[in-house]
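Reproduced below: my_file.tsv, with TSV, C-alpha atoms.
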chain	number	residue	atom	x	y	z
A	1	THR	CA	28.71	-27.83	12.26
A	2	LYS	CA	25.17	-28.06	10.96
A	3	THR	CA	24.02	-25.90	8.04
A	4	THR	CA	20.38	-24.97	7.63
A	5	GLN	CA	19.07	-23.52	4.42
A	6	ILE	CA	16.23	-21.02	4.64
A	7	SER	CA	14.14	-20.39	1.55
A	8	VAL	CA	12.42	-17.04	1.22
A	9	PRO	CA	9.61	-16.96	-1.32
A	10	GLU	CA	10.09	-14.51	-4.15
A	11	SER	CA	7.66	-11.62	-3.79
A	12	ASN	CA	5.13	-10.95	-6.49
A	13	LEU	CA	3.57	-8.09	-4.51
A	14	GLN	CA	2.46	-5.23	-6.76
A	15	ILE	CA	0.22	-2.20	-6.34
A	16	THR	CA	-1.76	-0.05	-8.74
A	17	LEU	CA	-2.78	3.42	-7.57
A	18	THR	CA	-5.62	5.59	-8.91
A	19	ALA	CA	-6.10	9.20	-7.82
A	20	LEU	CA	-9.66	10.43	-7.41
A	21	ASN	CA	-9.30	14.21	-7.38
A	22	GLY	CA	-11.59	16.35	-5.24
A	23	ALA	CA	-14.02	18.69	-7.00
A	24	CYS	CA	-14.28	22.40	-6.23
A	25	GLY	CA	-11.74	22.42	-3.41
A	26	GLN	CA	-12.95	19.21	-1.77
A	27	ASN	CA	-10.51	16.51	-0.65
A	28	GLY	CA	-9.75	13.56	-2.90
A	29	SER	CA	-8.84	9.93	-2.41
A	30	ILE	CA	-6.49	7.23	-3.66
A	31	LYS	CA	-7.64	3.75	-4.66
A	32	VAL	CA	-5.05	1.07	-3.88
A	33	ASN	CA	-5.26	-2.24	-5.75
A	34	VAL	CA	-2.95	-4.98	-4.43
A	35	SER	CA	-2.03	-7.97	-6.57
A	36	GLY	CA	0.11	-10.88	-5.47
A	37	GLY	CA	1.53	-11.07	-1.99
A	38	SER	CA	-0.12	-12.62	1.04
A	39	PRO	CA	-2.82	-10.95	3.15
A	40	ASN	CA	-3.05	-9.26	5.61
A	41	PHE	CA	-1.69	-6.09	4.03
A	42	ILE	CA	-0.40	-3.04	5.88
A	43	ILE	CA	-1.14	0.06	3.82
A	44	GLU	CA	0.72	3.22	4.80
A	45	TRP	CA	0.47	6.68	3.26
A	46	ASP	CA	2.76	9.64	3.75
A	47	GLY	CA	2.14	13.14	2.41
A	48	ILE	CA	0.02	16.11	3.44
A	49	VAL	CA	-1.90	13.60	5.59
A	50	ASP	CA	-0.22	10.47	6.99
A	51	GLY	CA	-1.85	7.25	8.10
A	52	SER	CA	-1.95	3.48	7.97
A	53	THR	CA	-4.36	0.57	8.13
A	54	THR	CA	-4.30	-3.22	8.00
A	55	THR	CA	-6.68	-5.08	5.70
A	56	ASN	CA	-7.08	-8.49	4.08
A	57	ALA	CA	-8.82	-6.89	1.08
A	58	SER	CA	-6.95	-6.47	-2.21
A	59	ASN	CA	-8.76	-3.16	-2.88
A	60	PHE	CA	-8.71	-0.25	-0.45
A	61	THR	CA	-9.56	3.45	-0.76
A	62	ILE	CA	-7.76	6.11	1.27
A	63	ASN	CA	-10.29	8.92	1.66
A	64	ASN	CA	-10.25	12.59	2.67
A	65	LEU	CA	-6.83	13.46	1.23
A	66	PRO	CA	-5.98	17.13	0.62
A	67	ALA	CA	-4.28	17.93	-2.69
A	68	GLY	CA	-0.62	16.94	-2.74
A	69	SER	CA	1.86	14.15	-3.37
A	70	TYR	CA	1.55	10.89	-1.42
A	71	THR	CA	3.85	7.89	-1.03
A	72	ILE	CA	1.84	4.68	-0.65
A	73	LYS	CA	3.65	1.68	0.84
A	74	VAL	CA	2.15	-1.81	1.10
A	75	THR	CA	3.62	-4.61	3.22
A	76	ASP	CA	2.23	-8.14	3.07
A	77	ALA	CA	2.11	-10.93	5.67
A	78	ASN	CA	5.59	-12.12	4.59
A	79	TRP	CA	7.02	-8.60	5.16
A	80	CYS	CA	7.50	-8.04	1.41
A	81	THR	CA	7.04	-4.36	0.56
A	82	THR	CA	6.43	-2.16	-2.45
A	83	SER	CA	5.70	1.54	-2.77
A	84	LYS	CA	4.70	4.18	-5.30
A	85	VAL	CA	4.15	7.94	-5.36
A	86	LEU	CA	0.96	9.55	-6.66
A	87	ALA	CA	-0.44	13.08	-6.62
A	88	VAL	CA	-3.99	14.04	-5.70
A	89	ALA	CA	-5.22	17.30	-7.24

Write out the structure in this file as structure tokens.
Amino acid sequence: TKTTQISVPESNLQITLTALNGACGQNGSIKVNVSGGSPNFIIEWDGIVDGSTTTNASNFTINNLPAGSYTIKVTDANWCTTSKVLAVA
């Protein structure tokens, strides 16, 4: 019997979210700042409006979001994930 050891790197993937609220009934946006992890990043959002995108940038803005609560999930190239919830007013 042969034993193979597989090492999985510890994830240091983190996200910082900033809500940019819409003025006078206009839609807002969420700025996503990714630190650590390995690009490309899959950014998914779930709330009043759902969507996803893939980017190699560590900063991304999700635009045209109606007021409400959104869950933002980021997955890196090593399939490490992290998520946070933020409200747009």

From the set A:Thr54, A:Leu65, A:Val49, A:Leu17, which residue has the shortest atom-to-atom contact distance to Asn33 of chain A, counting only C-alpha atoms? A:Leu17

Could you name the residues that touch Val88 of chain A at 10 Å or less, counting only C-alpha atoms, but leaving out those on the same chain fewer than 3 positions away, as a list in words?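 My list of contacting residues is Thr18, Ala19, Leu20, Asn21, Gly22, Asn27, Gly28, Ser29, Ile30, Leu65, Pro66, Ala67, Gly68, Ser69 and Tyr70 of chain A.
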
Set the distance at 10 Å and use all atoms listed in the file: which residues neighbour Ser38 of chain A once local chain neighbours fewer than 4 positions away are removed? I'd like the list as an MDAnalysis selection string. chainID A and resid 11:13 34 56 58 75:80

Shortest interatomic distance to Val32 of chain A - which of A:Thr82, A:Asn59, A:Thr53, A:Thr3, counting all atoms listed in the file: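 Under the stated criterion, the closest residue is A:Asn59.
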
Nearest candidate to Ile72 of chain A (options A:Ile48, A:Ala57, A:Ile43, A:Ala23; using only C-alpha atoms): A:Ile43

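Of the listed residues A:Asp46, A:Gly37, A:Gln26, A:Asn63, the one whose atoms come nearest to Gln14 of chain A is A:Gly37, with distances taken using only C-alpha atoms.
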
Enter the distance from atom CA of Thr71 of chain A to atom CA of Asn40 of chain A, in Å, rounded to one decimal.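 One can read the atom CA of Thr71 of chain A to atom CA of Asn40 of chain A distance as 19.6 Å.
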
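Ranking A:Ile42, A:Ile62, A:Cys24, A:Thr1 by their shortest atom-to-atom distance to Ser83 of chain A, with all atoms listed in the file included, puts A:Ile42 first.
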
What is the distance between atom CA of Gly25 of chain A and atom CA of Asp50 of chain A, in Å to one decimal?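 Those two atoms sit 19.6 Å apart.
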
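The space between atom CA of Ser35 of chain A and atom CA of Thr61 of chain A spans 14.9 Å.
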
Could you check the closest approach to Ala87 of chain A for each of A:Val74, A:Ser52, A:Phe60, A:Gly47 and tell me which residue wins, using only C-alpha atoms?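 Nearest candidate to Ala87 of chain A out of A:Val74, A:Ser52, A:Phe60, A:Gly47: A:Gly47.
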